[in-house]
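To keep things clear, I will list the structure first and then write my remarks on it.
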2 protein chains.
Amino acid sequence: MPEGNFYKKPCTNPNKNFRGATRELARYAKAMGHPARIKILRFLSQAEFCYTGDFVEVLPMAQSTVSQHLKELKDAGLIIANEQPPRVKYCINHEVWERAKWLFYEFFDMLDKPDQDRTTEQ
Amino acid sequence: MPEGNFYKKPCTNPNKNFRGATRELARYAKAMGHPARIKILRFLSQAEFCYTGDFVEVLPMAQSTVSQHLKELKDAGLIIANEQPPRVKYCINHEVWERAKWLFYEFFDMLDKPDQDRTTEQ
DNA sequence: GTGAATTATCGTATATTTGCAATGAATTTT
DNA sequence: AAAATTCATTGCAAATATACGATAATTCAC
């Protein structure tokens with residue numbers, strides 16, 4: 001790097017400059033951005049609840065990796081973990097699920113209703 | 001690493017072992033997994049078409065970064081680029097948009113209709 | 001108490017993502 | 001033709017994501 005060139009360290013935090021529904025929708029989309037996590041959610045939505053081992057049986061990856069994906073979905077709020085040692089019971093977080101559902105619906109309806117009131121936009 | 005420990009190089013390709021609608025949905029979700037890309041899509045869906053510069057004006061990031069996000073949306077198929085040098089015109093890819101919309105709708109309806117026929121599942 | 005079962009976490013390796021500045025290519029303006 | 005405009009691409013740095021094996025913590029069975 002040449003003398004006097006003050007390289008500005010880039011900020012790689014995607015959410016830093018975004019707010020509201022845009023940020024929220026992106027958060028849920030990101031959590032759904034891996035096929036394993038989609039499959040977990042599909043599986044869960046049909047089973048009422050599942051243990052970690054149930055997912056491990058179904059997914060083509062190591063137990064530790066499955067656990068990591070479960071953590072991401074939990075962090076996004078889409079699922080809830082209920083400790084029943086030594087097992088952990090997972091289920092859909094219905095409240096958040098409905099919120100995400102609504103955000104996606106509203107988002108995709110944009111093209112159909114171009115002039116509707118968008119109170120949730122950033 | 002100890003002698004005789006054959007470390008298996010992990011494969012970090014998320015799509016390797018997944019197929020069908022699960023993979024497809026994750027693809028669109030991932031493309032939507034950044035607030036800037038959500039905002040681009042929102043913006044586009046209300047403007048019929050936009051040039052790159054329109055997005056740069058609106059988004060809190062450098063032109064090169066915006067260009068990168070546009071490329072990701074284009075690679076996912078959600079938008080179409082139309083070269084009109086020196087400018088580039090972007091618009092929604094309606095066919096893919098409707099496909100993504102349908103996939104998300106079907107996905108989120110899972111909880112409401114637990115016993116419906118799921119012909120698109122992996 | 002010992003051992004099996006279950007699962008999160010840690011350590012590590014690799015790949016991808018995010019961001020910016022700088023550059024190059026193509027067109028338009030002057 | 002020279003300069004300005006527009007935008008993708010390249011090069012680089014930092015952060016995050018993905019994956020695995022190993023380990024630790026916890027309960028249950030014996």
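Chain labels A, B, ... are given in the sequence in which chains occur in the structure tokens; within each chain residues are numbered consecutively from 1, and ligands are likewise numbered from 1 in the order shown.
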Q.
Give me the residues near segment 10-17 of chain A as a ChimeraX atom specification, where near means some atom within 10 Å (using only C-alpha atoms (C1' of nucleotides)) and where sequence neighbours in that chain fewer than 3 positions away do not count.
A. /A:7,22-24,26-27 /B:33-36,59-61 /C:17-20 /D:13-16
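For chain A, the residues within 10 Å of chain C are Tyr7, Lys8, Lys9, Pro10, Cys11, Thr12, Asn13, Pro14, Tyr51, Thr52, Gly53, Gln63, Ser64, Ser67, Gln68, Lys71, Pro85, Pro86, Arg87 and Val88 of chain A, with only C-alpha atoms (C1' of nucleotides) used to measure distance.
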Q) Out of chain B, which residues get strand (DSSP E) from DSSP, as a ChimeraX atom specification? A) /B:50-51,79-84,87-92
Kindly assemble as JSON lines a list of the chain D residues that lie within 7 Å of chain A, each paired with its nearest atom pair and their distance in Å to one decimal, using only C-alpha atoms (C1' of nucleotides), sorted first by chain and then by ascending residue number.
{"residue": "D:DA15", "atom": "C1'", "partner": "A:Thr12", "partner_atom": "CA", "distance": 6.5}
{"residue": "D:DA19", "atom": "C1'", "partner": "A:Thr65", "partner_atom": "CA", "distance": 6.6}
{"residue": "D:DT26", "atom": "C1'", "partner": "A:Pro86", "partner_atom": "CA", "distance": 5.6}
{"residue": "D:DT27", "atom": "C1'", "partner": "A:Pro86", "partner_atom": "CA", "distance": 5.1}
Any chance you could export the current selection's all heavy atoms as an mmCIF file, in the first residue's frame?
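part30.cif was written with the following content:
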data_model
loop_
_atom_site.group_PDB
_atom_site.id
_atom_site.type_symbol
_atom_site.label_atom_id
_atom_site.label_comp_id
_atom_site.auth_asym_id
_atom_site.auth_seq_id
_atom_site.Cartn_x
_atom_site.Cartn_y
_atom_site.Cartn_z
ATOM 1 P P DA D 15 -13.162 -8.032 11.169
ATOM 2 O OP1 DA D 15 -13.590 -7.031 12.170
ATOM 3 O OP2 DA D 15 -12.109 -9.020 11.467
ATOM 4 O "O5'" DA D 15 -14.452 -8.815 10.673
ATOM 5 C "C5'" DA D 15 -15.429 -8.112 9.927
ATOM 6 C "C4'" DA D 15 -16.462 -9.092 9.403
ATOM 7 O "O4'" DA D 15 -15.915 -9.839 8.304
ATOM 8 C "C3'" DA D 15 -16.923 -10.113 10.442
ATOM 9 O "O3'" DA D 15 -18.336 -10.057 10.500
ATOM 10 C "C2'" DA D 15 -16.398 -11.459 9.907
ATOM 11 C "C1'" DA D 15 -16.298 -11.193 8.418
ATOM 12 N N9 DA D 15 -15.284 -11.967 7.711
ATOM 13 C C8 DA D 15 -13.953 -12.059 7.998
ATOM 14 N N7 DA D 15 -13.281 -12.829 7.170
ATOM 15 C C5 DA D 15 -14.242 -13.260 6.269
ATOM 16 C C6 DA D 15 -14.173 -14.099 5.148
ATOM 17 N N6 DA D 15 -13.055 -14.675 4.719
ATOM 18 N N1 DA D 15 -15.329 -14.331 4.467
ATOM 19 C C2 DA D 15 -16.451 -13.752 4.892
ATOM 20 N N3 DA D 15 -16.644 -12.939 5.942
ATOM 21 C C4 DA D 15 -15.478 -12.739 6.590
ATOM 22 P P DA D 19 -23.374 -27.325 4.823
ATOM 23 O OP1 DA D 19 -23.775 -28.017 3.577
ATOM 24 O OP2 DA D 19 -24.391 -27.013 5.832
ATOM 25 O "O5'" DA D 19 -22.221 -28.187 5.505
ATOM 26 C "C5'" DA D 19 -21.157 -28.638 4.692
ATOM 27 C "C4'" DA D 19 -20.004 -29.113 5.540
ATOM 28 O "O4'" DA D 19 -19.467 -28.015 6.296
ATOM 29 C "C3'" DA D 19 -20.370 -30.145 6.607
ATOM 30 O "O3'" DA D 19 -20.138 -31.455 6.110
ATOM 31 C "C2'" DA D 19 -19.420 -29.825 7.770
ATOM 32 C "C1'" DA D 19 -18.708 -28.561 7.346
ATOM 33 N N9 DA D 19 -18.643 -27.568 8.425
ATOM 34 C C8 DA D 19 -19.661 -26.834 8.946
ATOM 35 N N7 DA D 19 -19.295 -26.028 9.920
ATOM 36 C C5 DA D 19 -17.950 -26.263 10.052
ATOM 37 C C6 DA D 19 -16.972 -25.725 10.907
ATOM 38 N N6 DA D 19 -17.238 -24.810 11.835
ATOM 39 N N1 DA D 19 -15.702 -26.179 10.757
ATOM 40 C C2 DA D 19 -15.443 -27.096 9.820
ATOM 41 N N3 DA D 19 -16.279 -27.672 8.962
ATOM 42 C C4 DA D 19 -17.531 -27.201 9.132
ATOM 43 P P DT D 26 -24.099 -29.977 33.094
ATOM 44 O OP1 DT D 26 -24.608 -28.627 33.406
ATOM 45 O OP2 DT D 26 -23.163 -30.677 34.001
ATOM 46 O "O5'" DT D 26 -25.350 -30.934 32.867
ATOM 47 C "C5'" DT D 26 -26.218 -30.710 31.756
ATOM 48 C "C4'" DT D 26 -26.916 -31.998 31.386
ATOM 49 O "O4'" DT D 26 -25.970 -32.887 30.758
ATOM 50 C "C3'" DT D 26 -27.470 -32.771 32.578
ATOM 51 O "O3'" DT D 26 -28.869 -32.650 32.590
ATOM 52 C "C2'" DT D 26 -27.029 -34.226 32.336
ATOM 53 C "C1'" DT D 26 -26.496 -34.186 30.920
ATOM 54 N N1 DT D 26 -25.408 -35.155 30.631
ATOM 55 C C2 DT D 26 -25.621 -36.111 29.685
ATOM 56 O O2 DT D 26 -26.666 -36.215 29.059
ATOM 57 N N3 DT D 26 -24.572 -36.963 29.476
ATOM 58 C C4 DT D 26 -23.348 -36.949 30.120
ATOM 59 O O4 DT D 26 -22.481 -37.770 29.846
ATOM 60 C C5 DT D 26 -23.186 -35.914 31.105
ATOM 61 C C7 DT D 26 -21.901 -35.804 31.866
ATOM 62 C C6 DT D 26 -24.218 -35.074 31.315
ATOM 63 P P DT D 27 -29.697 -33.149 33.909
ATOM 64 O OP1 DT D 27 -30.879 -32.281 34.012
ATOM 65 O OP2 DT D 27 -28.783 -33.318 35.057
ATOM 66 O "O5'" DT D 27 -30.177 -34.600 33.445
ATOM 67 C "C5'" DT D 27 -31.170 -34.707 32.429
ATOM 68 C "C4'" DT D 27 -31.140 -36.108 31.847
ATOM 69 O "O4'" DT D 27 -29.775 -36.493 31.594
ATOM 70 C "C3'" DT D 27 -31.733 -37.188 32.751
ATOM 71 O "O3'" DT D 27 -32.888 -37.714 32.134
ATOM 72 C "C2'" DT D 27 -30.620 -38.230 32.881
ATOM 73 C "C1'" DT D 27 -29.718 -37.895 31.693
ATOM 74 N N1 DT D 27 -28.301 -38.283 31.849
ATOM 75 C C2 DT D 27 -27.776 -39.231 31.016
ATOM 76 O O2 DT D 27 -28.427 -39.788 30.142
ATOM 77 N N3 DT D 27 -26.443 -39.532 31.227
ATOM 78 C C4 DT D 27 -25.612 -38.965 32.172
ATOM 79 O O4 DT D 27 -24.446 -39.308 32.275
ATOM 80 C C5 DT D 27 -26.219 -37.962 33.016
ATOM 81 C C7 DT D 27 -25.420 -37.288 34.074
ATOM 82 C C6 DT D 27 -27.518 -37.672 32.818
#
Q.
Could you work out which residues of chain B fall inside 10 Å of chain A? Count only C-alpha atoms, and format the result as a ChimeraX atom specification.
A. /B:14-39,41-48,59-61,92,94,97-98,100-102,104-105,107-115,121-122
Requested write-out: C-alpha atoms of the selected residues, as a PDB file, in the first residue's frame:
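What landed in again.pdb:
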ATOM      1  CA  PRO B  14     -24.760 -26.364   0.658  1.00  0.00           C
ATOM      2  CA  ASN B  15     -26.620 -27.605  -2.393  1.00  0.00           C
ATOM      3  CA  LYS B  16     -24.661 -30.766  -3.010  1.00  0.00           C
ATOM      4  CA  ASN B  17     -27.121 -33.071  -1.330  1.00  0.00           C
ATOM      5  CA  PHE B  18     -30.390 -31.313  -1.953  1.00  0.00           C
ATOM      6  CA  ARG B  19     -32.791 -31.250  -4.851  1.00  0.00           C
ATOM      7  CA  GLY B  20     -36.088 -29.957  -6.103  1.00  0.00           C
ATOM      8  CA  ALA B  21     -38.262 -27.323  -4.522  1.00  0.00           C
ATOM      9  CA  THR B  22     -36.305 -27.294  -1.282  1.00  0.00           C
ATOM     10  CA  ARG B  23     -33.151 -26.320  -3.105  1.00  0.00           C
ATOM     11  CA  GLU B  24     -34.979 -23.844  -5.303  1.00  0.00           C
ATOM     12  CA  LEU B  25     -36.706 -22.125  -2.406  1.00  0.00           C
ATOM     13  CA  ALA B  26     -33.429 -21.855  -0.498  1.00  0.00           C
ATOM     14  CA  ARG B  27     -31.889 -20.263  -3.567  1.00  0.00           C
ATOM     15  CA  TYR B  28     -34.459 -17.489  -3.721  1.00  0.00           C
ATOM     16  CA  ALA B  29     -34.404 -17.036   0.035  1.00  0.00           C
ATOM     17  CA  LYS B  30     -30.659 -16.644  -0.038  1.00  0.00           C
ATOM     18  CA  ALA B  31     -30.890 -14.047  -2.798  1.00  0.00           C
ATOM     19  CA  MET B  32     -33.349 -12.140  -0.620  1.00  0.00           C
ATOM     20  CA  GLY B  33     -31.145 -12.556   2.444  1.00  0.00           C
ATOM     21  CA  HIS B  34     -29.684  -9.064   2.405  1.00  0.00           C
ATOM     22  CA  PRO B  35     -31.567  -5.849   3.151  1.00  0.00           C
ATOM     23  CA  ALA B  36     -29.997  -4.066   0.185  1.00  0.00           C
ATOM     24  CA  ARG B  37     -31.331  -6.715  -2.160  1.00  0.00           C
ATOM     25  CA  ILE B  38     -34.774  -6.544  -0.590  1.00  0.00           C
ATOM     26  CA  LYS B  39     -34.738  -2.820  -1.113  1.00  0.00           C
ATOM     27  CA  LEU B  41     -36.518  -5.591  -5.376  1.00  0.00           C
ATOM     28  CA  ARG B  42     -39.022  -3.337  -3.617  1.00  0.00           C
ATOM     29  CA  PHE B  43     -37.764  -0.373  -5.573  1.00  0.00           C
ATOM     30  CA  LEU B  44     -37.875  -2.238  -8.858  1.00  0.00           C
ATOM     31  CA  SER B  45     -41.326  -3.640  -8.344  1.00  0.00           C
ATOM     32  CA  GLN B  46     -42.701  -0.141  -8.090  1.00  0.00           C
ATOM     33  CA  ALA B  47     -40.744   1.458 -10.881  1.00  0.00           C
ATOM     34  CA  GLU B  48     -41.160  -0.963 -13.778  1.00  0.00           C
ATOM     35  CA  LEU B  59     -28.711   2.570  -1.182  1.00  0.00           C
ATOM     36  CA  PRO B  60     -26.174   3.444   1.532  1.00  0.00           C
ATOM     37  CA  MET B  61     -23.219   1.799  -0.160  1.00  0.00           C
ATOM     38  CA  ILE B  92     -38.173  -7.731 -12.479  1.00  0.00           C
ATOM     39  CA  HIS B  94     -41.861 -11.733 -13.754  1.00  0.00           C
ATOM     40  CA  TRP B  97     -40.848 -13.768  -9.494  1.00  0.00           C
ATOM     41  CA  GLU B  98     -44.124 -15.652  -9.781  1.00  0.00           C
ATOM     42  CA  ALA B 100     -40.598 -17.699  -6.175  1.00  0.00           C
ATOM     43  CA  LYS B 101     -43.837 -16.224  -4.923  1.00  0.00           C
ATOM     44  CA  TRP B 102     -45.580 -19.534  -5.362  1.00  0.00           C
ATOM     45  CA  PHE B 104     -42.910 -19.116  -0.600  1.00  0.00           C
ATOM     46  CA  TYR B 105     -46.704 -19.197  -0.455  1.00  0.00           C
ATOM     47  CA  PHE B 107     -44.045 -23.140   2.036  1.00  0.00           C
ATOM     48  CA  PHE B 108     -45.794 -20.883   4.526  1.00  0.00           C
ATOM     49  CA  ASP B 109     -49.130 -22.537   3.978  1.00  0.00           C
ATOM     50  CA  MET B 110     -47.698 -25.752   5.351  1.00  0.00           C
ATOM     51  CA  LEU B 111     -48.783 -25.046   8.861  1.00  0.00           C
ATOM     52  CA  ASP B 112     -52.310 -24.114   7.865  1.00  0.00           C
ATOM     53  CA  LYS B 113     -52.937 -27.134   5.672  1.00  0.00           C
ATOM     54  CA  PRO B 114     -50.929 -29.932   7.298  1.00  0.00           C
ATOM     55  CA  ASP B 115     -52.352 -32.748   5.182  1.00  0.00           C
ATOM     56  CA  GLU B 121     -41.266 -31.428  -1.966  1.00  0.00           C
ATOM     57  CA  GLN B 122     -37.817 -32.830  -2.201  1.00  0.00           C
TER      58      GLN B 122
END
Q.
I'd like to know which residues of chain A are helix (DSSP H, G or I) (by DSSP, run on the backbone); could you write them as an NGL selection string?
A. :A and (20-31 or 35-47 or 52-58 or 63-76 or 94-108)
